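Content type mmCIF, C-alpha atoms and all ligand atoms, from the file run13.cif:
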data_model
loop_
_atom_site.label_atom_id
_atom_site.label_comp_id
_atom_site.auth_asym_id
_atom_site.auth_seq_id
_atom_site.Cartn_x
_atom_site.Cartn_y
_atom_site.Cartn_z
CA MET A 177 20.45 38.20 -11.19
CA THR A 178 22.64 41.03 -9.97
CA ASN A 179 24.88 40.68 -6.97
CA ASN A 180 23.29 42.88 -4.33
CA ARG A 181 26.00 44.99 -2.73
CA TYR A 182 23.96 45.15 0.48
CA SER A 183 24.53 41.41 0.89
CA LYS A 184 28.20 42.09 1.51
CA GLY A 185 29.23 41.25 5.03
CA LYS A 186 25.96 39.47 5.71
CA VAL A 187 25.90 35.99 7.20
CA ALA A 188 23.64 33.10 6.19
CA VAL A 189 23.21 29.68 7.78
CA ILE A 190 21.61 26.84 5.82
CA THR A 191 20.71 23.36 7.07
CA GLY A 192 20.85 20.24 4.89
CA SER A 193 23.45 21.64 2.48
CA SER A 194 24.86 18.29 1.36
CA SER A 195 22.46 18.05 -1.59
CA GLY A 196 19.46 19.43 -3.46
CA ILE A 197 17.88 22.70 -2.39
CA GLY A 198 20.26 23.27 0.54
CA PHE A 199 23.32 22.72 -1.67
CA GLU A 200 22.11 25.17 -4.33
CA THR A 201 20.90 27.75 -1.81
CA SER A 202 24.23 27.72 0.05
CA LEU A 203 26.12 28.28 -3.19
CA LEU A 204 23.75 30.95 -4.48
CA LEU A 205 23.80 32.95 -1.25
CA SER A 206 27.58 32.86 -1.11
CA ARG A 207 27.76 33.86 -4.79
CA MET A 208 25.49 36.80 -3.98
CA GLY A 209 27.86 38.00 -1.28
CA PHE A 210 26.68 36.30 1.92
CA TYR A 211 29.27 34.68 4.15
CA THR A 212 27.59 31.29 4.15
CA TYR A 213 27.64 28.48 6.68
CA ALA A 214 26.62 25.43 4.65
CA THR A 215 25.73 22.94 7.38
CA MET A 216 25.23 19.21 6.97
CA ARG A 217 24.98 16.21 9.27
CA ASN A 218 27.54 14.12 7.39
CA LEU A 219 30.81 15.89 6.58
CA ASN A 220 31.79 13.05 4.25
CA LYS A 221 29.36 14.69 1.81
CA SER A 222 31.15 18.05 1.89
CA GLN A 223 33.64 17.48 -0.94
CA LYS A 224 31.36 18.62 -3.77
CA ILE A 225 30.31 21.94 -2.23
CA ASN A 226 33.85 22.63 -1.00
CA ASP A 227 35.19 22.02 -4.50
CA VAL A 228 32.74 24.49 -6.06
CA ALA A 229 33.39 27.05 -3.31
CA GLU A 230 37.14 26.77 -3.81
CA LYS A 231 36.90 26.97 -7.59
CA GLU A 232 34.70 30.07 -7.44
CA ASN A 233 36.55 31.55 -4.47
CA LEU A 234 33.35 31.77 -2.43
CA SER A 235 33.03 32.73 1.23
CA LEU A 236 31.47 29.44 2.27
CA LYS A 237 32.27 27.30 5.25
CA VAL A 238 30.95 23.79 5.82
CA LEU A 239 29.96 22.94 9.38
CA LYS A 240 28.58 19.76 10.90
CA LEU A 241 24.97 20.14 12.06
CA ASP A 242 22.41 17.40 12.60
CA VAL A 243 19.06 19.09 13.26
CA THR A 244 17.90 16.18 15.44
CA ASP A 245 20.86 16.41 17.80
CA ASP A 246 20.92 19.09 20.55
CA ASN A 247 24.71 18.99 20.96
CA SER A 248 25.37 19.11 17.25
CA VAL A 249 23.15 22.20 16.87
CA LYS A 250 24.67 23.90 19.93
CA ASN A 251 28.24 23.19 18.80
CA ALA A 252 27.60 24.52 15.31
CA PHE A 253 26.06 27.76 16.59
CA ARG A 254 28.76 28.19 19.23
CA GLN A 255 31.31 28.22 16.42
CA ILE A 256 29.19 30.48 14.18
CA LYS A 257 28.69 32.99 17.01
CA GLU A 258 32.40 32.94 17.90
CA GLU A 259 33.33 33.68 14.30
CA SER A 260 30.50 36.00 13.23
CA SER A 261 28.86 38.68 15.28
CA ARG A 262 25.67 38.52 13.20
CA ILE A 263 23.34 36.10 11.45
CA ASP A 264 21.20 37.73 8.79
CA VAL A 265 19.55 34.69 7.28
CA LEU A 266 18.68 31.21 8.51
CA VAL A 267 17.35 28.73 5.94
CA ASN A 268 15.69 25.75 7.63
CA ASN A 269 15.91 23.32 4.75
CA ALA A 270 16.90 19.89 6.14
CA GLY A 271 14.12 17.37 5.73
CA TYR A 272 13.02 14.03 4.38
CA GLY A 273 9.83 12.10 3.67
CA ILE A 274 8.14 8.92 4.78
CA VAL A 275 5.53 7.13 2.66
CA GLY A 276 3.10 4.74 4.26
CA ALA A 277 -0.40 4.31 5.62
CA VAL A 278 -1.19 5.59 9.10
CA GLU A 279 -2.19 2.06 10.09
CA ASP A 280 1.19 0.70 9.11
CA LEU A 281 3.37 3.46 10.50
CA SER A 282 4.67 3.20 14.02
CA LEU A 283 4.43 6.09 16.43
CA GLU A 284 8.23 6.06 16.39
CA GLU A 285 8.19 6.72 12.65
CA PHE A 286 5.84 9.68 13.11
CA LYS A 287 8.06 11.00 15.90
CA SER A 288 11.20 10.58 13.85
CA GLN A 289 9.65 12.44 10.90
CA PHE A 290 8.69 15.32 13.20
CA GLU A 291 12.09 15.21 14.91
CA THR A 292 13.75 16.29 11.66
CA ASN A 293 11.12 18.28 9.76
CA PHE A 294 9.52 20.09 12.70
CA PHE A 295 11.46 19.85 15.99
CA GLY A 296 14.68 20.19 14.01
CA VAL A 297 13.48 23.58 12.75
CA ILE A 298 12.59 24.68 16.29
CA ARG A 299 15.92 23.45 17.70
CA VAL A 300 17.89 25.44 15.11
CA THR A 301 15.63 28.50 15.09
CA LYS A 302 15.85 28.90 18.88
CA GLU A 303 19.62 29.36 18.45
CA VAL A 304 19.20 32.35 16.13
CA ILE A 305 16.17 34.14 17.60
CA PRO A 306 17.98 35.90 20.50
CA LEU A 307 20.75 37.07 18.17
CA MET A 308 18.36 38.31 15.47
CA ARG A 309 16.11 39.95 18.08
CA ASN A 310 19.08 41.84 19.57
CA GLN A 311 20.31 42.82 16.10
CA GLY A 312 16.85 44.09 15.21
CA TYR A 313 16.85 42.28 11.90
CA GLY A 314 16.96 38.84 10.35
CA SER A 315 15.18 36.46 8.01
CA ILE A 316 14.14 32.94 8.92
CA ILE A 317 13.29 31.00 5.77
CA ASN A 318 11.42 27.77 6.37
CA VAL A 319 11.38 25.32 3.48
CA SER A 320 7.90 23.88 3.63
CA SER A 321 6.17 22.29 0.65
CA VAL A 322 2.93 22.25 -1.31
CA GLY A 323 2.38 19.44 1.18
CA GLY A 324 2.31 22.08 3.92
CA LYS A 325 -1.09 23.17 2.61
CA ILE A 326 -2.77 20.05 1.19
CA GLY A 327 -3.15 16.41 2.16
CA ILE A 328 -1.70 13.65 -0.04
CA PRO A 329 -2.52 9.96 0.35
CA LEU A 330 0.06 7.81 2.17
CA ASN A 331 2.06 10.91 3.07
CA SER A 332 0.47 11.65 6.42
CA THR A 333 3.74 11.88 8.39
CA TYR A 334 5.46 14.20 5.95
CA ILE A 335 2.36 16.29 5.29
CA SER A 336 1.53 16.73 8.96
CA SER A 337 5.13 17.73 9.73
CA LYS A 338 4.93 20.41 7.03
CA PHE A 339 1.44 21.57 8.16
CA ALA A 340 2.97 21.94 11.63
CA LEU A 341 5.84 23.95 10.14
CA GLU A 342 3.34 26.27 8.46
CA GLY A 343 1.50 26.83 11.75
CA LEU A 344 4.75 27.41 13.60
CA SER A 345 5.93 29.91 10.99
CA GLU A 346 2.65 31.86 10.83
CA SER A 347 2.54 32.16 14.63
CA MET A 348 6.21 33.11 14.99
CA ARG A 349 5.75 35.92 12.50
CA TYR A 350 3.58 37.85 15.00
CA GLU A 351 6.11 37.36 17.80
CA LEU A 352 9.17 38.42 15.85
CA LYS A 353 7.84 41.19 13.60
CA GLN A 354 8.26 43.79 16.38
CA PHE A 355 12.01 43.02 16.44
CA GLY A 356 12.48 43.29 12.67
CA VAL A 357 12.75 39.53 12.25
CA ASP A 358 10.82 38.03 9.36
CA VAL A 359 9.68 34.43 8.93
CA ILE A 360 9.02 33.27 5.35
CA LEU A 361 7.63 30.02 3.99
CA ILE A 362 8.89 28.45 0.76
CA GLU A 363 6.41 26.00 -0.78
CA PRO A 364 7.89 24.04 -3.67
CA GLY A 365 6.01 21.49 -5.71
CA VAL A 366 8.10 18.61 -7.04
CA VAL A 367 11.81 19.43 -7.18
CA LYS A 368 14.39 17.29 -8.98
CA THR A 369 16.57 16.31 -6.03
CA SER A 370 17.52 13.15 -4.15
CA PHE A 371 14.43 13.67 -1.99
CA PHE A 372 12.47 10.89 -3.68
CA GLU A 373 15.38 8.42 -3.51
CA ASN A 374 15.68 9.19 0.19
CA VAL A 375 11.98 8.72 0.96
CA LYS A 376 11.52 6.03 3.56
CA VAL A 377 8.86 3.68 2.23
CA VAL A 378 6.87 1.84 4.86
CA LEU A 379 4.73 -0.79 3.18
CA ASN A 380 2.37 -3.07 4.99
CA THR A 381 3.99 -6.24 6.25
CA ASN A 382 2.53 -9.42 7.79
CA ASN A 383 0.45 -8.43 10.73
CA THR A 384 -0.52 -11.50 12.68
CA THR A 385 -2.35 -9.51 15.35
CA ASN A 386 -5.07 -8.41 12.94
CA THR A 387 -6.53 -11.33 11.01
CA ASN A 388 -8.89 -9.05 9.05
CA LYS A 389 -5.99 -7.27 7.51
CA LYS A 390 -5.01 -8.95 4.27
CA THR A 391 -1.34 -8.50 3.66
CA PRO A 392 -0.24 -6.13 2.23
CA VAL A 393 -3.46 -4.12 2.23
CA TYR A 394 -1.95 -0.79 1.27
CA SER A 395 0.79 -2.04 -1.01
CA GLU A 396 -1.21 -1.52 -4.23
CA LEU A 397 -2.01 2.03 -3.24
CA SER A 398 1.62 2.59 -2.23
CA GLN A 399 2.85 1.13 -5.49
CA LYS A 400 0.63 3.51 -7.48
CA LEU A 401 1.92 6.45 -5.48
CA LEU A 402 5.54 5.41 -5.94
CA GLU A 403 4.94 4.89 -9.66
CA SER A 404 3.54 8.41 -9.86
CA PHE A 405 6.80 9.82 -8.44
CA GLU A 406 8.93 9.13 -11.52
CA PRO A 407 6.77 10.95 -14.09
CA MET A 408 6.34 13.81 -11.63
CA ILE A 409 10.11 14.17 -11.23
CA LYS A 410 10.72 13.88 -14.98
CA SER A 411 7.89 16.22 -15.91
CA ASN A 412 8.52 19.74 -17.18
CA SER A 413 6.47 21.09 -14.32
CA ALA A 414 9.04 19.90 -11.77
CA SER A 415 11.50 22.54 -10.61
CA LEU A 416 15.26 22.38 -10.29
CA PRO A 417 16.81 22.91 -6.86
CA SER A 418 18.48 26.03 -8.30
CA ASP A 419 14.98 27.42 -9.07
CA VAL A 420 14.07 27.09 -5.39
CA ALA A 421 17.38 28.69 -4.38
CA LYS A 422 16.60 31.67 -6.64
CA VAL A 423 13.17 32.13 -5.04
CA ILE A 424 14.76 31.97 -1.58
CA TYR A 425 17.28 34.64 -2.57
CA GLN A 426 14.57 36.82 -4.15
CA ALA A 427 12.45 36.47 -1.00
CA ILE A 428 15.39 37.55 1.17
CA GLU A 429 16.21 40.57 -0.96
CA SER A 430 12.68 41.68 -1.82
CA PRO A 431 11.59 45.01 -0.32
CA THR A 432 7.97 43.82 -0.49
CA ARG A 433 8.09 40.40 1.04
CA GLN A 434 5.37 37.80 0.86
CA VAL A 435 4.56 35.44 3.73
CA ARG A 436 4.84 32.42 1.45
CA TYR A 437 6.43 31.68 -1.89
CA PRO A 438 5.15 28.74 -3.94
CA VAL A 439 7.78 27.40 -6.35
CA GLY A 440 7.07 25.61 -9.63
CA LYS A 441 4.24 25.38 -12.15
CA ASP A 442 2.80 22.40 -10.31
CA ALA A 443 2.70 24.31 -7.01
CA PHE A 444 0.86 27.27 -8.56
CA SER A 445 -1.57 24.97 -10.33
CA ILE A 446 -2.33 22.96 -7.17
CA PHE A 447 -2.88 26.10 -5.06
CA ASN A 448 -5.07 27.54 -7.79
CA MET A 449 -7.22 24.39 -7.85
CA ARG A 450 -7.35 24.34 -4.05
CA GLN A 451 -8.84 27.83 -4.11
CA LYS A 452 -11.29 27.13 -6.92
CA LEU A 453 -12.64 23.72 -5.85
CA SER A 454 -14.66 22.56 -2.89
CA ASP A 455 -12.94 20.18 -0.45
CA GLU A 456 -14.64 17.19 -2.06
CA GLU A 457 -13.87 18.30 -5.64
CA PHE A 458 -10.27 18.93 -4.71
CA GLU A 459 -9.95 15.46 -3.16
CA ASN A 460 -11.23 13.92 -6.41
CA TRP A 461 -8.83 16.01 -8.45
CA ILE A 462 -5.84 14.92 -6.34
CA THR A 463 -6.94 11.28 -6.57
CA GLU A 464 -7.23 11.52 -10.36
CA SER A 465 -3.90 13.29 -10.67
CA ILE A 466 -1.94 10.84 -8.55
CA PHE A 467 -3.59 7.51 -9.13
CA HIS A 468 -4.65 7.99 -12.73
CA LYS A 469 -1.46 9.81 -13.61
CA LYS A 470 -3.17 12.96 -14.82
CA SER A 471 -1.18 16.16 -14.86
CA PHE A 472 -1.33 18.59 -11.96
CA ILE A 473 -1.03 21.38 -14.50
CA ASN A 474 -4.31 22.72 -15.77
N1 LIG B 501 12.33 17.59 -3.60
C1 LIG B 501 11.06 17.95 -3.51
O1 LIG B 501 10.23 17.58 -4.36
C2 LIG B 501 10.60 18.86 -2.39
C3 LIG B 501 9.36 19.48 -2.51
C4 LIG B 501 8.90 20.31 -1.50
C5 LIG B 501 9.68 20.52 -0.39
N2 LIG B 501 10.90 19.90 -0.27
C6 LIG B 501 11.68 20.16 0.95
O2 LIG B 501 12.95 20.65 0.59
C7 LIG B 501 13.88 20.37 1.63
C8 LIG B 501 15.17 19.86 1.02
O3 LIG B 501 14.92 18.65 0.33
P1 LIG B 501 15.60 18.30 -1.08
O4 LIG B 501 14.53 18.20 -2.06
O5 LIG B 501 16.73 19.20 -1.35
O6 LIG B 501 16.07 16.80 -0.78
P2 LIG B 501 17.52 16.15 -0.55
O7 LIG B 501 18.37 16.38 -1.74
O8 LIG B 501 17.25 14.77 -0.10
O9 LIG B 501 18.14 17.02 0.65
C9 LIG B 501 17.71 16.87 1.97
C10 LIG B 501 18.79 17.43 2.85
O10 LIG B 501 18.35 17.35 4.22
C11 LIG B 501 19.40 16.76 4.95
N3 LIG B 501 18.97 16.15 6.19
C12 LIG B 501 18.07 15.15 6.41
N4 LIG B 501 18.00 14.88 7.72
C13 LIG B 501 18.85 15.74 8.34
C14 LIG B 501 19.22 15.95 9.69
N5 LIG B 501 18.72 15.22 10.68
N6 LIG B 501 20.11 16.95 9.97
C15 LIG B 501 20.63 17.70 8.98
N7 LIG B 501 20.36 17.51 7.69
C16 LIG B 501 19.47 16.54 7.38
C17 LIG B 501 20.02 15.75 4.00
O11 LIG B 501 21.26 15.30 4.50
P3 LIG B 501 21.91 13.87 4.08
O12 LIG B 501 22.55 14.09 2.75
O13 LIG B 501 22.89 13.59 5.17
O14 LIG B 501 20.78 12.88 4.03
C18 LIG B 501 20.09 16.61 2.77
O15 LIG B 501 21.18 17.49 2.85
C19 LIG B 501 13.19 19.37 2.58
O16 LIG B 501 12.73 20.07 3.72
C20 LIG B 501 11.99 18.91 1.77
O17 LIG B 501 10.91 18.55 2.59
C21 LIG B 501 11.38 19.08 -1.24
#

Could you take the file, read its structure, and then write that structure out as structure tokens?
Ligand SMILES: NC(=O)c1ccc[n+]([C@@H]2O[C@H](COP(=O)([O-])OP(=O)(O)OC[C@H]3O[C@@H](n4cnc5c(N)ncnc54)[C@H](OP(=O)(O)O)[C@@H]3O)[C@@H](O)[C@H]2O)c1
Amino acid sequence: MTNNRYSKGKVAVITGSSSGIGFETSLLLSRMGFYTYATMRNLNKSQKINDVAEKENLSLKVLKLDVTDDNSVKNAFRQIKEESSRIDVLVNNAGYGIVGAVEDLSLEEFKSQFETNFFGVIRVTKEVIPLMRNQGYGSIINVSSVGGKIGIPLNSTYISSKFALEGLSESMRYELKQFGVDVILIEPGVVKTSFFENVKVVLNTNNTTNTNKKTPVYSELSQKLLESFEPMIKSNSASLPSDVAKVIYQAIESPTRQVRYPVGKDAFSIFNMRQKLSDEEFENWITESIFHKKSFIN
């Protein structure tokens, strides 16, 4: 990958840079010449990225930003706007997952999932839109997922938050195109990050209000899903966070941009099957793949 000279002087802001895709994307963009604000909610996790940035003499600054907190977002962008007169790229990357059955999940858990994965994106994006609109250019990169396009059992909160992100992004594209601002979706399959360790697992617990519900009614299903995570992460079809970072950079620099960029063999295979199969056939294929541990790669 060549360092694009046109990146010089450009400014990028990334959320969730403490680990995984956000970490790698922050480093890659700064290596490619962007002045990069690597934001994270917990500055205690900044040592690793600061060490790399120092060693490689990168133009990277860590800032505190919790996407669920209005003040935190405002403070971060106040500082960015004081220091930099432009923002060329925003990567909305911060996110996490919840696993559990709809019946077992509280409304609060749904809200909290959306607060990060969906409202967090809106909160941050609203800070950059006026600036990018006035500049007449800018790229908003939303890290969605294969799960932004297909349902997965026991992942309803995460999946619906990513479906919402897809709808938001598609709609915003029409609004912002006239001002030279582009909105791009990144749709990775499984990526080898801490994401799966950080998944909040909500298994069924004793529910005395519903005597018909044998406890824990969804735990077997949940167990199978959780067991399917490990082989998926270890499989050759899983991507590295640096692979996703490369696709993000290529999307930013491409003169012929796509609306969405799947990442990983598994993502391409799943989207291919989704196109080829009927809804019912696809559902059976997903069930087989997850619960009978068959490969997603055809
Ligand atoms: N890994 C996958 O298989 C996969 C597949 C498709 C899409 N994705 C998407 O990729 C994105 C990045 O995930 P990852 O795989 O890199 O996982 P990760 O290593 O767990 O990174 C998630 C990042 O989001 C941050 N974060 C969570 N809540 C936040 C908040 N309220 N404010 C600011 N930052 C917050 C985390 O910060 P802390 O360190 O403080 O927790 C962490 O930096 C997510 O949107 C995820 O949905 C992941």

Near ligand LIG 501 (chain B), 6 Å: chain A residue rows, closest pairs, all atoms listed in the file, as a tab-separated table:
residue	atom	partner	partner_atom	distance
A:Thr191	CA	B:LIG501	N7	5.9
A:Gly192	CA	B:LIG501	O15	3.4
A:Ser193	CA	B:LIG501	O15	4.7
A:Ser194	CA	B:LIG501	O15	4.0
A:Ser195	CA	B:LIG501	O7	4.4
A:Gly196	CA	B:LIG501	O5	3.5
A:Ile197	CA	B:LIG501	O5	3.8
A:Gly198	CA	B:LIG501	O5	5.7
A:Met216	CA	B:LIG501	N7	5.2
A:Arg217	CA	B:LIG501	C15	4.6
A:Asn218	CA	B:LIG501	O13	5.2
A:Leu241	CA	B:LIG501	C15	5.9
A:Asp242	CA	B:LIG501	N6	3.5
A:Val243	CA	B:LIG501	N6	4.1
A:Thr244	CA	B:LIG501	N5	4.9
A:Asn269	CA	B:LIG501	O16	4.7
A:Ala270	CA	B:LIG501	O10	3.5
A:Gly271	CA	B:LIG501	O16	3.6
A:Tyr272	CA	B:LIG501	O17	5.3
A:Thr292	CA	B:LIG501	N5	5.2
A:Val319	CA	B:LIG501	O16	5.4
A:Ser320	CA	B:LIG501	C5	5.5
A:Ser321	CA	B:LIG501	C4	4.0
A:Pro364	CA	B:LIG501	C4	4.4
A:Gly365	CA	B:LIG501	C3	5.1
A:Val366	CA	B:LIG501	O1	3.6
A:Val367	CA	B:LIG501	O1	3.7
A:Lys368	CA	B:LIG501	N1	5.8
A:Thr369	CA	B:LIG501	O7	4.7
A:Ser370	CA	B:LIG501	O7	4.1
A:Phe371	CA	B:LIG501	O8	3.6
A:Asn374	CA	B:LIG501	O8	5.8

Just the selected residues (C-alpha atoms), exported as an mmCIF file, in the coordinates of the input, please.
data_model
loop_
_atom_site.group_PDB
_atom_site.id
_atom_site.type_symbol
_atom_site.label_atom_id
_atom_site.label_comp_id
_atom_site.auth_asym_id
_atom_site.auth_seq_id
_atom_site.Cartn_x
_atom_site.Cartn_y
_atom_site.Cartn_z
ATOM 1 C CA THR A 191 20.710 23.360 7.070
ATOM 2 C CA GLY A 192 20.850 20.240 4.890
ATOM 3 C CA SER A 193 23.450 21.640 2.480
ATOM 4 C CA SER A 194 24.860 18.290 1.360
ATOM 5 C CA SER A 195 22.460 18.050 -1.590
ATOM 6 C CA GLY A 196 19.460 19.430 -3.460
ATOM 7 C CA ILE A 197 17.880 22.700 -2.390
ATOM 8 C CA GLY A 198 20.260 23.270 0.540
ATOM 9 C CA MET A 216 25.230 19.210 6.970
ATOM 10 C CA ARG A 217 24.980 16.210 9.270
ATOM 11 C CA ASN A 218 27.540 14.120 7.390
ATOM 12 C CA LEU A 241 24.970 20.140 12.060
ATOM 13 C CA ASP A 242 22.410 17.400 12.600
ATOM 14 C CA VAL A 243 19.060 19.090 13.260
ATOM 15 C CA THR A 244 17.900 16.180 15.440
ATOM 16 C CA ASN A 269 15.910 23.320 4.750
ATOM 17 C CA ALA A 270 16.900 19.890 6.140
ATOM 18 C CA GLY A 271 14.120 17.370 5.730
ATOM 19 C CA TYR A 272 13.020 14.030 4.380
ATOM 20 C CA THR A 292 13.750 16.290 11.660
ATOM 21 C CA VAL A 319 11.380 25.320 3.480
ATOM 22 C CA SER A 320 7.900 23.880 3.630
ATOM 23 C CA SER A 321 6.170 22.290 0.650
ATOM 24 C CA PRO A 364 7.890 24.040 -3.670
ATOM 25 C CA GLY A 365 6.010 21.490 -5.710
ATOM 26 C CA VAL A 366 8.100 18.610 -7.040
ATOM 27 C CA VAL A 367 11.810 19.430 -7.180
ATOM 28 C CA LYS A 368 14.390 17.290 -8.980
ATOM 29 C CA THR A 369 16.570 16.310 -6.030
ATOM 30 C CA SER A 370 17.520 13.150 -4.150
ATOM 31 C CA PHE A 371 14.430 13.670 -1.990
ATOM 32 C CA ASN A 374 15.680 9.190 0.190
#

*Rank nothing, just name the residue among A:Glu429, A:Asp227, A:Asp246, A:Glu396 nearest to Gly209 in chain A, using all atoms listed in the file.*
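Using all atoms listed in the file, Gly209 in chain A sits closest to A:Glu429.
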
_To one decimal place in Å, what is the distance between CA of Glu346 in chain A and CA of Asn318 in chain A?_
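Computed distance, CA of Glu346 in chain A to CA of Asn318 in chain A, equals 10.7 Å.
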
*Counting only C-alpha atoms, the option among A:Glu303, A:Met208, A:Glu464, A:Leu283 closest to Lys422 in chain A*: A:Met208

*Anything within 10 Å of (12.9, 35.8, -2.9): list those residues as a list in words, counting only C-alpha atoms and sticking to the file's coordinates.*
Ile317, Ile360, Ile362, Val420, Ala421, Lys422, Val423, Ile424, Tyr425, Gln426, Ala427, Ile428, Glu429, Ser430, Pro431, Thr432, Arg433, Gln434, Arg436 and Tyr437 of chain A

Store the residues picked out above, limited to C-alpha atoms, as a tab-separated table (two decimals), in the frame of the given file.
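Generated file (part-v4.tsv):
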chain	number	residue	atom	x	y	z
A	317	ILE	CA	13.29	31.00	5.77
A	360	ILE	CA	9.02	33.27	5.35
A	362	ILE	CA	8.89	28.45	0.76
A	420	VAL	CA	14.07	27.09	-5.39
A	421	ALA	CA	17.38	28.69	-4.38
A	422	LYS	CA	16.60	31.67	-6.64
A	423	VAL	CA	13.17	32.13	-5.04
A	424	ILE	CA	14.76	31.97	-1.58
A	425	TYR	CA	17.28	34.64	-2.57
A	426	GLN	CA	14.57	36.82	-4.15
A	427	ALA	CA	12.45	36.47	-1.00
A	428	ILE	CA	15.39	37.55	1.17
A	429	GLU	CA	16.21	40.57	-0.96
A	430	SER	CA	12.68	41.68	-1.82
A	431	PRO	CA	11.59	45.01	-0.32
A	432	THR	CA	7.97	43.82	-0.49
A	433	ARG	CA	8.09	40.40	1.04
A	434	GLN	CA	5.37	37.80	0.86
A	436	ARG	CA	4.84	32.42	1.45
A	437	TYR	CA	6.43	31.68	-1.89

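Closest approach to Tyr350 in chain A among A:Val435, A:Tyr211, A:Lys287, A:Tyr334 is made by A:Val435 (distances from all atoms listed in the file).
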
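Of the listed residues (A:Tyr213, A:Phe372, A:Phe294, A:Tyr313), A:Phe294 comes nearest to Glu342 in chain A; the distances count all atoms listed in the file.
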
Once you count all atoms listed in the file, which residues end up no further than 8 Å from (32.7, 30.4, 7.4) in the file's frame, shown as a compact mmCIF listing (two decimals) with C-alpha atoms, keeping the file's coordinate frame?
# COMPACT_ATOMS: atom_id res chain seq x y z
CA TYR A 211 29.27 34.68 4.15
CA THR A 212 27.59 31.29 4.15
CA TYR A 213 27.64 28.48 6.68
CA SER A 235 33.03 32.73 1.23
CA LEU A 236 31.47 29.44 2.27
CA LYS A 237 32.27 27.30 5.25
CA VAL A 238 30.95 23.79 5.82
CA ILE A 256 29.19 30.48 14.18
CA GLU A 259 33.33 33.68 14.30

*Between CA of Gln223 in chain A and CA of Phe199 in chain A, what is the distance, to one decimal in Å?*
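Going from CA of Gln223 in chain A over to CA of Phe199 in chain A covers 11.6 Å.
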
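You will find CA of Lys338 in chain A at 10.0 Å from CA of Gln289 in chain A.
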
*Within 8 Å of Val322 in chain A, counting only C-alpha atoms, which residues show up once you throw out same-chain ones fewer than 4 positions away? Write them as a ChimeraX atom specification, please.*
/A:326,363-365,438,443,446-447

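Omitting Gly185 in chain A and its sequence neighbours fewer than 3 positions away, and counting only C-alpha atoms, the residues within 12 Å are Asn180, Arg181, Tyr182, Ala188, Leu205, Ser206, Met208, Gly209, Phe210, Tyr211, Thr212, Ser235, Ser260, Ser261, Arg262, Ile263, Asp264 and Val265 of chain A.
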
What are the centre and edge lengths in Å, to one decimal, of the axis-aligned box around all listed atoms of range 440-457 of chain A with 8 Å added on each side, as lines of an AutoDock Vina configuration file?
center_x = -3.8
center_y = 22.5
center_z = -6.3
size_x = 37.7
size_y = 26.6
size_z = 27.7

*Near Gly314 in chain A, within 9 Å and counting only C-alpha atoms, which residues show up once chain neighbours fewer than 3 positions away are dropped, as an NGL selection string?*
:A and (263-266 or 304-305 or 307-309 or 311 or 355-359)

*Counting all atoms listed in the file, which of A:Ala229, A:Ile298, A:Leu330, A:Leu204 gets nearest to Lys376 in chain A?*
A:Leu330

*For Leu234 in chain A, which residue out of A:Ile466, A:Ile316, A:Ile328, A:Leu203 is the nearest one, using only C-alpha atoms?*
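Selected residue with least distance to Leu234 in chain A: A:Leu203.
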
_Quick one: residues within 12 Å of Ser332 in chain A, all atoms listed in the file, excluding same-chain residues fewer than 4 positions away - as a ChimeraX atom specification?_
/A:273-281,285-286,289-290,323-324,326-328,336-340,378
